[in-house]
file start_8.txt (compact mmCIF, C-alpha atoms and all ligand atoms)
# COMPACT_ATOMS: atom_id res chain seq x y z
CA MET A 1 0.00 0.00 0.00
CA ILE A 2 0.98 3.65 -0.41
CA PHE A 3 1.96 3.83 3.25
CA GLU A 4 2.55 1.54 6.19
CA ILE A 5 -0.32 0.59 8.48
CA LYS A 6 0.85 -0.88 11.77
CA ARG A 7 -0.42 -4.38 12.39
CA ASP A 8 -2.18 -3.36 15.61
CA SER A 9 -3.70 -0.19 14.17
CA ASP A 10 -7.37 0.37 15.00
CA PHE A 11 -7.70 2.02 11.61
CA SER A 12 -6.86 -0.89 9.33
CA ILE A 13 -7.94 -1.21 5.72
CA HIS A 14 -10.92 -3.23 7.05
CA ASN A 15 -12.20 -0.32 9.12
CA LEU A 16 -12.33 3.04 7.29
CA PRO A 17 -14.40 4.97 9.86
CA PHE A 18 -15.80 8.43 9.15
CA GLY A 19 -15.15 11.62 11.11
CA ILE A 20 -14.94 15.40 10.85
CA PHE A 21 -11.49 17.02 10.89
CA SER A 22 -9.77 20.29 10.10
CA SER A 23 -6.10 21.23 9.75
CA ALA A 24 -4.00 24.18 8.66
CA GLY A 25 -5.62 25.37 5.44
CA ARG A 26 -8.51 22.91 5.67
CA SER A 27 -11.86 23.93 7.12
CA PRO A 28 -13.89 21.20 8.88
CA ARG A 29 -14.72 18.39 6.45
CA VAL A 30 -15.42 14.68 6.18
CA GLY A 31 -12.42 12.38 6.54
CA VAL A 32 -11.72 8.68 6.80
CA ALA A 33 -9.11 7.34 9.22
CA ILE A 34 -6.51 4.98 7.76
CA GLY A 35 -3.48 3.99 9.85
CA GLU A 36 -2.04 7.19 11.29
CA SER A 37 -3.51 9.31 8.50
CA ILE A 38 -6.81 10.76 7.36
CA LEU A 39 -8.15 10.61 3.82
CA ASP A 40 -9.62 14.01 2.98
CA LEU A 41 -12.91 13.22 1.22
CA GLN A 42 -13.52 16.85 0.26
CA ALA A 43 -10.17 16.84 -1.56
CA LEU A 44 -11.01 13.52 -3.25
CA ALA A 45 -14.39 14.91 -4.29
CA ASP A 46 -12.66 17.98 -5.77
CA LEU A 47 -10.52 15.57 -7.81
CA GLY A 48 -13.71 14.09 -9.24
CA MET A 49 -13.59 10.78 -7.41
CA PHE A 50 -17.26 10.70 -6.37
CA PRO A 51 -19.15 11.86 -9.47
CA GLN A 52 -22.50 10.51 -8.22
CA ILE A 53 -22.37 12.41 -4.92
CA ASP A 54 -23.06 16.12 -4.33
CA LYS A 55 -19.66 17.48 -3.22
CA ALA A 56 -21.32 19.72 -0.64
CA VAL A 57 -21.89 16.76 1.72
CA PHE A 58 -18.12 16.52 2.32
CA ALA A 59 -17.59 20.22 3.12
CA GLN A 60 -19.56 20.09 6.35
CA ASN A 61 -18.84 20.26 10.07
CA SER A 62 -20.93 17.14 10.73
CA LEU A 63 -21.47 13.79 9.03
CA ASN A 64 -25.25 14.20 8.94
CA ALA A 65 -25.57 15.20 5.27
CA PHE A 66 -23.19 12.42 4.24
CA ILE A 67 -25.04 9.81 6.32
CA ALA A 68 -28.37 11.04 4.92
CA LEU A 69 -27.22 9.96 1.43
CA GLY A 70 -28.18 6.47 2.58
CA LYS A 71 -26.25 3.26 2.93
CA THR A 72 -26.33 2.44 -0.76
CA SER A 73 -24.11 5.49 -1.36
CA THR A 74 -22.04 5.49 1.83
CA SER A 75 -21.28 1.75 1.75
CA LYS A 76 -20.29 1.92 -1.90
CA LEU A 77 -18.01 4.88 -1.19
CA ARG A 78 -16.32 3.02 1.65
CA LEU A 79 -15.74 -0.07 -0.52
CA ASP A 80 -14.41 2.13 -3.34
CA LEU A 81 -11.93 3.75 -0.92
CA GLN A 82 -10.83 0.32 0.26
CA ARG A 83 -10.19 -0.81 -3.30
CA TRP A 84 -8.41 2.40 -4.29
CA LEU A 85 -6.12 2.16 -1.26
CA LEU A 86 -5.30 -1.49 -1.94
CA GLU A 87 -4.63 -0.99 -5.64
CA GLU A 88 -2.81 2.33 -5.05
CA HIS A 89 -5.09 4.26 -7.34
CA PRO A 90 -3.06 6.79 -9.41
CA ILE A 91 -5.12 9.70 -8.03
CA LEU A 92 -3.97 8.78 -4.53
CA ARG A 93 -0.35 8.32 -5.60
CA GLU A 94 -0.24 11.56 -7.56
CA ASN A 95 -2.04 13.71 -4.97
CA PRO A 96 -0.33 13.23 -1.61
CA ALA A 97 -2.35 16.16 -0.24
CA VAL A 98 -5.45 13.92 -0.04
CA LEU A 99 -3.77 12.38 3.01
CA VAL A 100 -3.33 14.33 6.25
CA SER A 101 -1.43 13.09 9.29
CA GLN A 102 -3.74 12.58 12.27
CA ASN A 103 -1.11 14.43 14.35
CA GLU A 104 -1.68 17.57 12.30
CA ALA A 105 -5.47 17.37 12.34
CA THR A 106 -8.03 18.65 14.82
CA MET A 107 -11.03 16.37 15.25
CA HIS A 108 -14.55 17.74 15.72
CA LEU A 109 -17.77 16.27 17.11
CA PRO A 110 -18.64 13.97 14.17
CA ILE A 111 -22.41 14.30 14.36
CA HIS A 112 -24.95 17.01 14.87
CA ILE A 113 -26.94 15.09 17.47
CA GLY A 114 -30.63 15.93 17.54
CA ASP A 115 -31.63 13.49 20.25
CA TYR A 116 -29.72 11.30 22.66
CA THR A 117 -31.17 8.22 24.37
CA ASP A 118 -29.34 5.99 26.83
CA PHE A 119 -30.29 2.38 27.50
CA TYR A 120 -29.69 0.18 30.53
CA SER A 121 -29.03 -3.16 28.84
CA SER A 122 -26.30 -4.98 30.77
CA ILE A 123 -27.79 -7.46 33.20
CA GLU A 124 -24.62 -7.40 35.28
CA HIS A 125 -24.69 -3.59 35.54
CA ALA A 126 -28.39 -3.49 36.36
CA THR A 127 -27.91 -6.19 38.98
CA ASN A 128 -24.89 -4.50 40.56
CA VAL A 129 -26.51 -1.06 40.76
CA GLY A 130 -29.75 -2.62 41.98
CA LYS A 131 -27.85 -4.22 44.85
CA MET A 132 -26.11 -0.98 45.81
CA PHE A 133 -28.96 1.52 45.27
CA ARG A 134 -31.93 -0.64 46.24
CA ASP A 135 -32.36 -4.20 47.50
CA PRO A 136 -29.56 -6.80 47.29
CA ALA A 137 -32.19 -9.55 47.52
CA ASN A 138 -34.22 -8.18 44.57
CA ALA A 139 -31.56 -6.41 42.59
CA LEU A 140 -33.18 -6.66 39.16
CA LEU A 141 -36.46 -4.73 38.92
CA PRO A 142 -39.50 -6.76 37.68
CA ASN A 143 -39.62 -5.01 34.28
CA TRP A 144 -35.94 -5.49 33.43
CA ARG A 145 -36.09 -8.81 31.55
CA HIS A 146 -39.16 -7.64 29.58
CA ILE A 147 -38.26 -4.08 28.54
CA PRO A 148 -34.99 -2.70 27.15
CA VAL A 149 -35.17 0.10 29.72
CA GLY A 150 -33.88 3.51 28.67
CA TYR A 151 -34.17 7.22 29.36
CA HIS A 152 -33.97 10.33 27.23
CA GLY A 153 -30.61 12.01 27.69
CA ARG A 154 -29.41 15.46 26.74
CA ALA A 155 -27.91 16.02 23.28
CA SER A 156 -26.60 19.55 24.00
CA SER A 157 -23.91 18.32 26.40
CA VAL A 158 -22.51 15.49 24.27
CA VAL A 159 -18.85 16.46 23.79
CA LEU A 160 -15.93 15.20 21.74
CA SER A 161 -13.19 13.06 23.25
CA GLY A 162 -10.52 15.32 24.77
CA THR A 163 -12.97 17.96 25.99
CA PRO A 164 -12.37 18.54 29.72
CA VAL A 165 -15.38 17.93 31.96
CA GLN A 166 -16.14 20.11 34.95
CA ARG A 167 -17.22 18.39 38.15
CA PRO A 168 -20.94 19.16 38.50
CA TRP A 169 -22.66 20.86 41.43
CA GLY A 170 -25.91 19.41 42.64
CA GLN A 171 -28.13 18.22 45.44
CA ALA A 172 -27.17 15.14 47.40
CA LYS A 173 -28.52 13.61 50.56
CA GLY A 174 -26.38 11.11 52.42
CA LYS A 175 -27.83 8.32 54.58
CA ASP A 176 -27.37 10.33 57.77
CA ASP A 177 -28.33 13.74 56.38
CA VAL A 178 -31.64 15.21 57.52
CA LEU A 179 -31.75 17.61 54.59
CA PRO A 180 -30.12 17.58 51.15
CA LYS A 181 -26.84 19.48 50.69
CA PHE A 182 -25.83 21.56 47.67
CA GLN A 183 -22.21 20.82 46.80
CA PRO A 184 -19.84 19.66 44.05
CA SER A 185 -20.47 15.98 43.40
CA ALA A 186 -18.36 13.85 45.72
CA ARG A 187 -19.12 10.62 43.85
CA LEU A 188 -18.20 11.36 40.26
CA ASP A 189 -18.08 8.31 38.00
CA PHE A 190 -17.71 7.16 34.40
CA GLU A 191 -19.80 4.63 32.48
CA LEU A 192 -18.20 2.48 29.80
CA GLU A 193 -20.60 2.44 26.86
CA THR A 194 -20.79 2.38 23.11
CA GLY A 195 -23.25 4.46 21.13
CA PHE A 196 -24.91 3.91 17.78
CA ILE A 197 -25.77 6.62 15.29
CA ILE A 198 -29.08 6.60 13.43
CA GLY A 199 -28.54 6.47 9.66
CA LYS A 200 -32.06 6.94 8.30
CA ASP A 201 -35.10 8.98 9.30
CA THR A 202 -38.47 7.50 10.18
CA HIS A 203 -41.71 9.44 10.25
CA LEU A 204 -43.86 9.89 13.30
CA GLY A 205 -45.96 6.78 13.82
CA GLN A 206 -43.57 4.47 11.97
CA GLY A 207 -41.92 1.71 13.95
CA ILE A 208 -38.68 -0.09 13.15
CA ASN A 209 -38.80 -3.85 13.61
CA THR A 210 -35.81 -5.91 14.72
CA ALA A 211 -35.32 -7.38 11.21
CA GLU A 212 -34.88 -3.94 9.61
CA ALA A 213 -32.95 -2.30 12.46
CA ASP A 214 -29.55 -2.62 10.73
CA GLU A 215 -30.77 -0.40 7.88
CA TYR A 216 -31.30 2.40 10.41
CA ILE A 217 -27.92 2.10 12.17
CA PHE A 218 -25.06 3.93 10.45
CA GLY A 219 -22.27 3.11 12.87
CA LYS A 220 -20.87 3.16 16.37
CA VAL A 221 -18.70 5.23 18.69
CA LEU A 222 -17.27 4.78 22.18
CA LEU A 223 -19.25 6.67 24.80
CA ASN A 224 -18.58 7.73 28.38
CA ASP A 225 -21.80 8.56 30.21
CA TRP A 226 -20.29 10.59 33.06
CA SER A 227 -22.43 10.09 36.15
CA ALA A 228 -22.61 11.84 39.53
CA ARG A 229 -23.73 9.01 41.80
CA ASP A 230 -24.59 11.14 44.83
CA ILE A 231 -26.80 13.44 42.76
CA GLN A 232 -28.29 10.40 40.97
CA ALA A 233 -29.19 8.47 44.13
CA TRP A 234 -31.17 11.43 45.48
CA GLU A 235 -32.89 12.68 42.29
CA TYR A 236 -33.70 9.56 40.29
CA VAL A 237 -36.91 8.35 41.95
CA PRO A 238 -39.29 7.91 40.17
CA LEU A 239 -38.45 9.54 36.81
CA GLY A 240 -34.83 8.43 36.37
CA PRO A 241 -31.52 10.24 35.98
CA PHE A 242 -31.57 13.98 35.27
CA LEU A 243 -28.77 16.33 36.41
CA ALA A 244 -26.62 13.37 37.50
CA LYS A 245 -26.02 12.54 33.86
CA ASN A 246 -26.82 15.54 31.66
CA PHE A 247 -23.74 17.66 32.48
CA ALA A 248 -21.56 15.78 29.95
CA THR A 249 -21.38 12.70 27.77
CA SER A 250 -18.16 12.10 25.82
CA ILE A 251 -17.90 10.29 22.47
CA SER A 252 -14.98 9.17 20.30
CA PRO A 253 -14.31 11.07 17.05
CA TRP A 254 -14.47 8.21 14.50
CA VAL A 255 -17.78 6.56 13.58
CA VAL A 256 -17.11 2.89 12.79
CA THR A 257 -19.66 1.60 10.31
CA LEU A 258 -21.89 -1.37 11.01
CA GLU A 259 -20.41 -3.02 7.90
CA ALA A 260 -16.88 -2.78 9.33
CA LEU A 261 -18.11 -4.46 12.51
CA ALA A 262 -19.83 -7.35 10.70
CA PRO A 263 -16.93 -9.82 11.20
CA PHE A 264 -17.39 -9.53 14.97
CA ARG A 265 -21.05 -10.49 15.15
CA VAL A 266 -21.76 -13.15 17.78
CA ALA A 267 -24.84 -14.66 19.36
CA GLY A 268 -26.29 -12.83 22.35
CA PRO A 269 -27.23 -14.37 25.70
CA VAL A 270 -30.32 -16.54 26.10
CA GLN A 271 -33.20 -14.28 27.12
CA GLU A 272 -35.33 -15.86 29.79
CA PRO A 273 -38.29 -15.48 30.09
CA ALA A 274 -39.05 -15.22 26.38
CA VAL A 275 -39.47 -11.65 25.15
CA LEU A 276 -42.67 -10.26 23.65
CA PRO A 277 -42.98 -10.92 19.89
CA TYR A 278 -42.00 -7.37 18.87
CA LEU A 279 -38.65 -7.91 20.59
CA GLU A 280 -37.86 -11.28 19.02
CA TYR A 281 -34.93 -11.20 16.64
CA ALA A 282 -32.97 -13.47 14.30
CA GLY A 283 -29.26 -13.90 13.69
CA ASP A 284 -26.17 -12.82 15.59
CA GLN A 285 -26.99 -9.41 17.03
CA ASN A 286 -24.20 -9.00 19.59
CA LEU A 287 -20.70 -7.78 18.75
CA ASP A 288 -17.41 -9.10 20.11
CA ILE A 289 -15.75 -5.75 20.84
CA GLN A 290 -13.01 -5.80 23.45
CA LEU A 291 -13.14 -2.77 25.71
CA ASN A 292 -10.94 -1.34 28.38
CA VAL A 293 -10.77 1.67 30.68
CA VAL A 294 -7.56 3.36 31.83
CA LEU A 295 -7.41 5.95 34.60
CA GLU A 296 -4.58 8.49 34.25
CA THR A 297 -3.79 10.57 37.33
CA ALA A 298 -2.96 14.29 37.18
CA VAL A 299 0.78 13.44 37.15
CA GLY A 300 0.36 10.88 34.37
CA VAL A 301 0.29 7.53 36.16
CA SER A 302 -1.84 5.14 34.07
CA THR A 303 -3.70 2.12 35.40
CA GLU A 304 -6.00 -0.18 33.47
CA ILE A 305 -9.01 -0.48 35.74
CA CYS A 306 -11.52 -2.41 33.61
CA ARG A 307 -11.66 -4.92 30.77
CA SER A 308 -15.06 -5.69 29.36
CA ASN A 309 -16.71 -6.70 26.10
CA PHE A 310 -19.76 -5.43 24.22
CA LYS A 311 -20.81 -9.05 23.59
CA TYR A 312 -22.02 -9.34 27.19
CA MET A 313 -25.03 -7.08 26.60
CA TYR A 314 -28.39 -8.70 27.35
CA TRP A 315 -30.45 -6.46 25.06
CA ASN A 316 -29.06 -5.83 21.57
CA MET A 317 -29.25 -2.76 19.33
CA ALA A 318 -32.04 -4.21 17.16
CA GLN A 319 -34.20 -4.74 20.23
CA GLN A 320 -33.37 -1.31 21.60
CA LEU A 321 -34.39 0.35 18.34
CA ALA A 322 -37.54 -1.76 17.97
CA HIS A 323 -38.56 -0.89 21.51
CA HIS A 324 -37.71 2.81 21.15
CA THR A 325 -39.98 3.15 18.09
CA VAL A 326 -42.76 0.62 18.82
CA ASN A 327 -45.00 3.42 20.13
CA GLY A 328 -44.50 5.47 16.96
CA CYS A 329 -41.61 7.62 18.24
CA ASN A 330 -39.61 8.75 15.19
CA VAL A 331 -35.83 8.80 14.86
CA ARG A 332 -33.67 11.10 12.77
CA VAL A 333 -30.28 10.88 11.10
CA GLY A 334 -27.64 11.69 13.71
CA ASP A 335 -29.61 10.61 16.77
CA LEU A 336 -27.32 8.98 19.34
CA MET A 337 -28.32 5.82 21.24
CA GLY A 338 -26.16 4.80 24.21
CA SER A 339 -25.84 1.07 24.82
CA GLY A 340 -26.00 1.40 28.58
CA THR A 341 -23.06 0.61 30.82
CA ILE A 342 -21.17 -2.48 29.62
CA SER A 343 -20.38 -4.61 32.65
CA GLY A 344 -19.25 -8.20 32.32
CA PRO A 345 -19.57 -11.15 34.70
CA THR A 346 -16.28 -10.73 36.60
CA PRO A 347 -15.43 -7.88 39.02
CA ASP A 348 -12.61 -6.62 36.75
CA SER A 349 -15.12 -6.24 33.90
CA TYR A 350 -17.50 -3.85 35.65
CA GLY A 351 -18.06 -0.76 33.50
CA SER A 352 -18.22 1.92 36.21
CA LEU A 353 -16.14 2.91 39.23
CA LEU A 354 -19.30 2.62 41.35
CA GLU A 355 -19.23 -1.11 40.64
CA LEU A 356 -15.43 -1.61 40.51
CA ALA A 357 -15.03 -0.06 43.98
CA TRP A 358 -18.43 -1.33 45.13
CA SER A 359 -19.86 2.01 46.21
CA GLY A 360 -16.65 3.00 47.99
CA THR A 361 -16.43 -0.11 50.17
CA GLN A 362 -13.63 -1.69 48.08
CA PRO A 363 -11.48 1.15 46.68
CA ILE A 364 -9.35 0.19 43.71
CA THR A 365 -5.56 0.60 43.88
CA LEU A 366 -3.76 2.47 41.09
CA ALA A 367 -0.24 1.80 39.77
CA ASP A 368 1.24 4.46 42.10
CA GLY A 369 -0.39 2.86 45.15
CA SER A 370 -3.05 5.54 45.52
CA GLN A 371 -6.69 4.49 45.80
CA ARG A 372 -9.92 5.52 44.15
CA SER A 373 -13.55 5.04 45.04
CA PHE A 374 -14.66 7.79 42.66
CA ILE A 375 -12.95 10.12 40.19
CA GLU A 376 -10.71 12.90 41.56
CA ASN A 377 -10.03 16.29 40.02
CA GLY A 378 -7.19 16.01 37.49
CA ASP A 379 -7.97 12.35 36.69
CA THR A 380 -8.40 11.44 33.03
CA VAL A 381 -10.59 8.49 32.02
CA VAL A 382 -9.65 6.80 28.72
CA MET A 383 -11.79 4.12 27.05
CA ARG A 384 -10.63 2.05 24.10
CA GLY A 385 -12.28 -0.68 22.05
CA PHE A 386 -11.64 -2.93 19.07
CA GLY A 387 -12.73 -6.14 17.39
CA GLU A 388 -10.11 -8.66 16.29
CA LYS A 389 -10.68 -11.89 14.38
CA ASP A 390 -8.63 -13.93 11.92
CA GLY A 391 -6.04 -11.17 11.59
CA VAL A 392 -8.67 -8.50 10.95
CA ARG A 393 -8.64 -5.65 13.44
CA VAL A 394 -11.23 -2.88 13.52
CA GLY A 395 -10.96 -0.37 16.36
CA PHE A 396 -12.52 2.82 17.66
CA GLY A 397 -9.44 4.65 18.87
CA GLU A 398 -10.31 6.21 22.19
CA VAL A 399 -12.63 8.47 24.10
CA ARG A 400 -10.90 10.47 26.84
CA GLY A 401 -11.92 13.17 29.27
CA LYS A 402 -10.18 14.94 32.14
CA ILE A 403 -12.11 16.02 35.21
CA LEU A 404 -11.67 19.67 36.21
CA PRO A 405 -12.64 21.10 39.62
CA ALA A 406 -16.20 22.37 40.05
CA HIS A 407 -16.67 26.06 39.32
CA LYS A 408 -16.56 28.41 42.31
O1 LIG A 501 -29.86 1.19 38.38
C1 LIG A 501 -30.02 2.42 38.40
O2 LIG A 501 -30.75 2.98 39.20
C2 LIG A 501 -29.29 3.30 37.45
C3 LIG A 501 -28.38 2.92 36.57
C4 LIG A 501 -27.78 3.96 35.75
O3 LIG A 501 -26.77 4.56 36.10
C5 LIG A 501 -28.56 4.45 34.60
C6 LIG A 501 -27.83 4.43 33.30
O4 LIG A 501 -27.22 5.42 32.88
C7 LIG A 501 -28.02 3.23 32.43
C8 LIG A 501 -26.80 2.49 32.02
O5 LIG A 501 -25.78 3.12 31.69
O6 LIG A 501 -26.84 1.25 31.93
CA CA A 502 -25.50 5.28 31.16
MG MG A 503 -24.28 11.42 30.30

call {"tool": "encode", "arguments": {"input": "start_8.txt", "output": "structure tokens", "more": "lines below"}}
Ligand SMILES: O=C(O)/C=C/C(=O)CC(=O)CC(=O)O
Ligand SMILES: [Ca+2]
Ligand SMILES: [Mg+2]
result
Amino acid sequence: MIFEIKRDSDFSIHNLPFGIFSSAGRSPRVGVAIGESILDLQALADLGMFPQIDKAVFAQNSLNAFIALGKTSTSKLRLDLQRWLLEEHPILRENPAVLVSQNEATMHLPIHIGDYTDFYSSIEHATNVGKMFRDPANALLPNWRHIPVGYHGRASSVVLSGTPVQRPWGQAKGKDDVLPKFQPSARLDFELETGFIIGKDTHLGQGINTAEADEYIFGKVLLNDWSARDIQAWEYVPLGPFLAKNFATSISPWVVTLEALAPFRVAGPVQEPAVLPYLEYAGDQNLDIQLNVVLETAVGVSTEICRSNFKYMYWNMAQQLAHHTVNGCNVRVGDLMGSGTISGPTPDSYGSLLELAWSGTQPITLADGSQRSFIENGDTVVMRGFGEKDGVRVGFGEVRGKILPAHK
């Protein structure tokens, strides 16, 4: 190929994820990550490489217009790029400026997100939080195995990886407090999630069934649903999380297409009792995506604190989308759907610090010997994820965020 791609690169020839970047002399535009570079699709369009596509969709500060072309166009374009890279198409060889080093580029939020929904689909996570927040003997609520439970999140505060996050203020009421206190959250947490991006509009009243769900999913990102557990525990009854979760949600810059993730499809868990007919599905709807979380302290000490896998999820994306729309709720291109926290069966695979340190009763120890029950100011949380099978690796890169002190 025209350039080297490291064997362990997330951005292999099999991936080709889409994002929005800018660099010196280049306004924000659509790019495709390949190895340590970015293919500038606006530049390729200017060279006449996509005659069937309106060039304006590439000169945008979000992927929405590109995604709205539909999968017939976007999938074909991705496969064309793959072929051109492999055969070293003369246009690529003769125009080195169509490639930009990722080091020289600034990434932007890839999507204009109209609506953001977050699910609650890991049985291990729901069980763990149920034990800590409610009743250890009846951890899973009665609806959980029947409904892919979710809540409507806040699109305005979804931020790009690398954006610092300020510790939120809010109300909290400890066990021994008579009245709630107003203070910076003392139990700030992360949630290891992935998100999927809607690729096709529906109209009001139209549902999406599980068999057609893939048509409506453009691709996936890594997602950190920052959560203030003290605010959450006090505010969430009975309507669910509000200020505990809407102060920030971080996503990774590259949207990995559903097609690129196809090699990693695996069967999901047995669902018992049987789900209602509208939630039945066929085929392998889970994805074997290895995930990890690293905590970096203010002075740069890194510790891997969690290893999980997206394949553990009880409810899959097709079921989430079918449930979300079964009442006629419409979806729009660019809507973001969070998977819910991805906890696995073992204590080292729990997808939040709340679970890893068991609500502060079992603090985790970092590489420098210091301990954490919740996130401290100056800590950076980094999540990474990739699929790997038969020598094919498709990764997401990372989503990172540093916690800054609460405002005065
Ligand atoms: O069990 C609860 O009360 C709450 C759990 C959550 O933190 C909600 C959430 O964001 C869903 C998830 O990430 O799985
Ligand atoms: Ca969440
Ligand atoms: Mg959030």

call {"tool": "closest_atom_pairs", "arguments": {"input": "start_8.txt", "of": "region 58-131 of chain A", "to": "region 299-322 of chain A", "cutoff": "10 Å", "atoms": "all atoms listed in the file", "output": "JSON lines"}}
result
{"residue": "A:Asp118", "atom": "CA", "partner": "A:Gln320", "partner_atom": "CA", "distance": 9.8}
{"residue": "A:Phe119", "atom": "CA", "partner": "A:Gln320", "partner_atom": "CA", "distance": 7.6}
{"residue": "A:Tyr120", "atom": "CA", "partner": "A:Trp315", "partner_atom": "CA", "distance": 8.6}
{"residue": "A:Ser121", "atom": "CA", "partner": "A:Trp315", "partner_atom": "CA", "distance": 5.2}
{"residue": "A:Ser122", "atom": "CA", "partner": "A:Met313", "partner_atom": "CA", "distance": 4.8}
{"residue": "A:Ile123", "atom": "CA", "partner": "A:Tyr314", "partner_atom": "CA", "distance": 6.0}
{"residue": "A:Glu124", "atom": "CA", "partner": "A:Met313", "partner_atom": "CA", "distance": 8.7}
{"residue": "A:His125", "atom": "CA", "partner": "A:Met313", "partner_atom": "CA", "distance": 9.6}

call {"tool": "residues_near_ligand", "arguments": {"input": "start_8.txt", "ligand": "ligand LIG 501 (chain A)", "cutoff": "10 Å", "atoms": "only C-alpha atoms and all ligand atoms", "output": "PyMOL selection string"}}
result
chain A and resi 117-134+139-141+149-151+153+189-194+224-229+232-233+236-238+240-242+244-245+338-343+351-352+354

call {"tool": "closest_residue", "arguments": {"input": "start_8.txt", "among": "A:Cys329, A:Gly360, A:Thr297, A:Tyr116", "to": "Asn246 (chain A)", "atoms": "only C-alpha atoms"}}
result
A:Tyr116

call {"tool": "atom_distance", "arguments": {"input": "start_8.txt", "atom1": "CA of Glu215 (chain A)", "atom2": "CA of Leu258 (chain A)"}}
result
9.5 Å

call {"tool": "residues_around", "arguments": {"input": "start_8.txt", "residues": "region 26-33 of chain A", "least_positions_apart": "4", "cutoff": "10 Å", "atoms": "all atoms listed in the file", "output": "PDB file with C-alpha atoms, in the frame of the given file"}}
result
ATOM      1  CA  ASP A  10      -7.370   0.370  15.000  1.00  0.00           C
ATOM      2  CA  PHE A  11      -7.700   2.020  11.610  1.00  0.00           C
ATOM      3  CA  SER A  12      -6.860  -0.890   9.330  1.00  0.00           C
ATOM      4  CA  ILE A  13      -7.940  -1.210   5.720  1.00  0.00           C
ATOM      5  CA  ASN A  15     -12.200  -0.320   9.120  1.00  0.00           C
ATOM      6  CA  LEU A  16     -12.330   3.040   7.290  1.00  0.00           C
ATOM      7  CA  PRO A  17     -14.400   4.970   9.860  1.00  0.00           C
ATOM      8  CA  PHE A  18     -15.800   8.430   9.150  1.00  0.00           C
ATOM      9  CA  GLY A  19     -15.150  11.620  11.110  1.00  0.00           C
ATOM     10  CA  ILE A  20     -14.940  15.400  10.850  1.00  0.00           C
ATOM     11  CA  PHE A  21     -11.490  17.020  10.890  1.00  0.00           C
ATOM     12  CA  SER A  22      -9.770  20.290  10.100  1.00  0.00           C
ATOM     13  CA  SER A  37      -3.510   9.310   8.500  1.00  0.00           C
ATOM     14  CA  ILE A  38      -6.810  10.760   7.360  1.00  0.00           C
ATOM     15  CA  LEU A  39      -8.150  10.610   3.820  1.00  0.00           C
ATOM     16  CA  ASP A  40      -9.620  14.010   2.980  1.00  0.00           C
ATOM     17  CA  LEU A  41     -12.910  13.220   1.220  1.00  0.00           C
ATOM     18  CA  GLN A  42     -13.520  16.850   0.260  1.00  0.00           C
ATOM     19  CA  ALA A  43     -10.170  16.840  -1.560  1.00  0.00           C
ATOM     20  CA  LEU A  44     -11.010  13.520  -3.250  1.00  0.00           C
ATOM     21  CA  ALA A  56     -21.320  19.720  -0.640  1.00  0.00           C
ATOM     22  CA  VAL A  57     -21.890  16.760   1.720  1.00  0.00           C
ATOM     23  CA  PHE A  58     -18.120  16.520   2.320  1.00  0.00           C
ATOM     24  CA  ALA A  59     -17.590  20.220   3.120  1.00  0.00           C
ATOM     25  CA  GLN A  60     -19.560  20.090   6.350  1.00  0.00           C
ATOM     26  CA  ASN A  61     -18.840  20.260  10.070  1.00  0.00           C
ATOM     27  CA  SER A  62     -20.930  17.140  10.730  1.00  0.00           C
ATOM     28  CA  LEU A  63     -21.470  13.790   9.030  1.00  0.00           C
ATOM     29  CA  PHE A  66     -23.190  12.420   4.240  1.00  0.00           C
ATOM     30  CA  ARG A  78     -16.320   3.020   1.650  1.00  0.00           C
ATOM     31  CA  LEU A  81     -11.930   3.750  -0.920  1.00  0.00           C
ATOM     32  CA  VAL A  98      -5.450  13.920  -0.040  1.00  0.00           C
ATOM     33  CA  LEU A  99      -3.770  12.380   3.010  1.00  0.00           C
ATOM     34  CA  VAL A 100      -3.330  14.330   6.250  1.00  0.00           C
ATOM     35  CA  SER A 101      -1.430  13.090   9.290  1.00  0.00           C
ATOM     36  CA  GLN A 102      -3.740  12.580  12.270  1.00  0.00           C
ATOM     37  CA  ALA A 105      -5.470  17.370  12.340  1.00  0.00           C
ATOM     38  CA  THR A 106      -8.030  18.650  14.820  1.00  0.00           C
ATOM     39  CA  MET A 107     -11.030  16.370  15.250  1.00  0.00           C
ATOM     40  CA  HIS A 108     -14.550  17.740  15.720  1.00  0.00           C
ATOM     41  CA  PRO A 110     -18.640  13.970  14.170  1.00  0.00           C
ATOM     42  CA  TRP A 254     -14.470   8.210  14.500  1.00  0.00           C
ATOM     43  CA  VAL A 255     -17.780   6.560  13.580  1.00  0.00           C
ATOM     44  CA  VAL A 256     -17.110   2.890  12.790  1.00  0.00           C
TER      45      VAL A 256
END

call {"tool": "closest_residue", "arguments": {"input": "start_8.txt", "among": "A:Asn143, A:Thr249, A:Ser75, A:Asn64", "to": "ligand MG 503 (chain A)", "atoms": "all atoms listed in the file"}}
result
A:Thr249

call {"tool": "residues_around", "arguments": {"input": "start_8.txt", "residues": "Ile231 (chain A)", "least_positions_apart": "3", "cutoff": "10 Å", "atoms": "only C-alpha atoms", "output": "PyMOL selection string"}}
result
chain A and resi 168-174+180-188+227-228+234-236+241-245

call {"tool": "residues_near_point", "arguments": {"input": "start_8.txt", "point": "(-22.1, 14.7, 24.3)", "cutoff": "7 Å", "atoms": "all atoms listed in the file", "output": "MDAnalysis selection string"}}
result
chainID A and resid 155:160 248:251

call {"tool": "closest_residue", "arguments": {"input": "start_8.txt", "among": "A:Phe396, A:Phe247, A:Trp358, A:Trp144", "to": "ligand MG 503 (chain A)", "atoms": "all atoms listed in the file"}}
result
A:Phe247

call {"tool": "atom_distance", "arguments": {"input": "start_8.txt", "atom1": "CA of Leu276 (chain A)", "atom2": "CA of His152 (chain A)"}}
result
22.6 Å
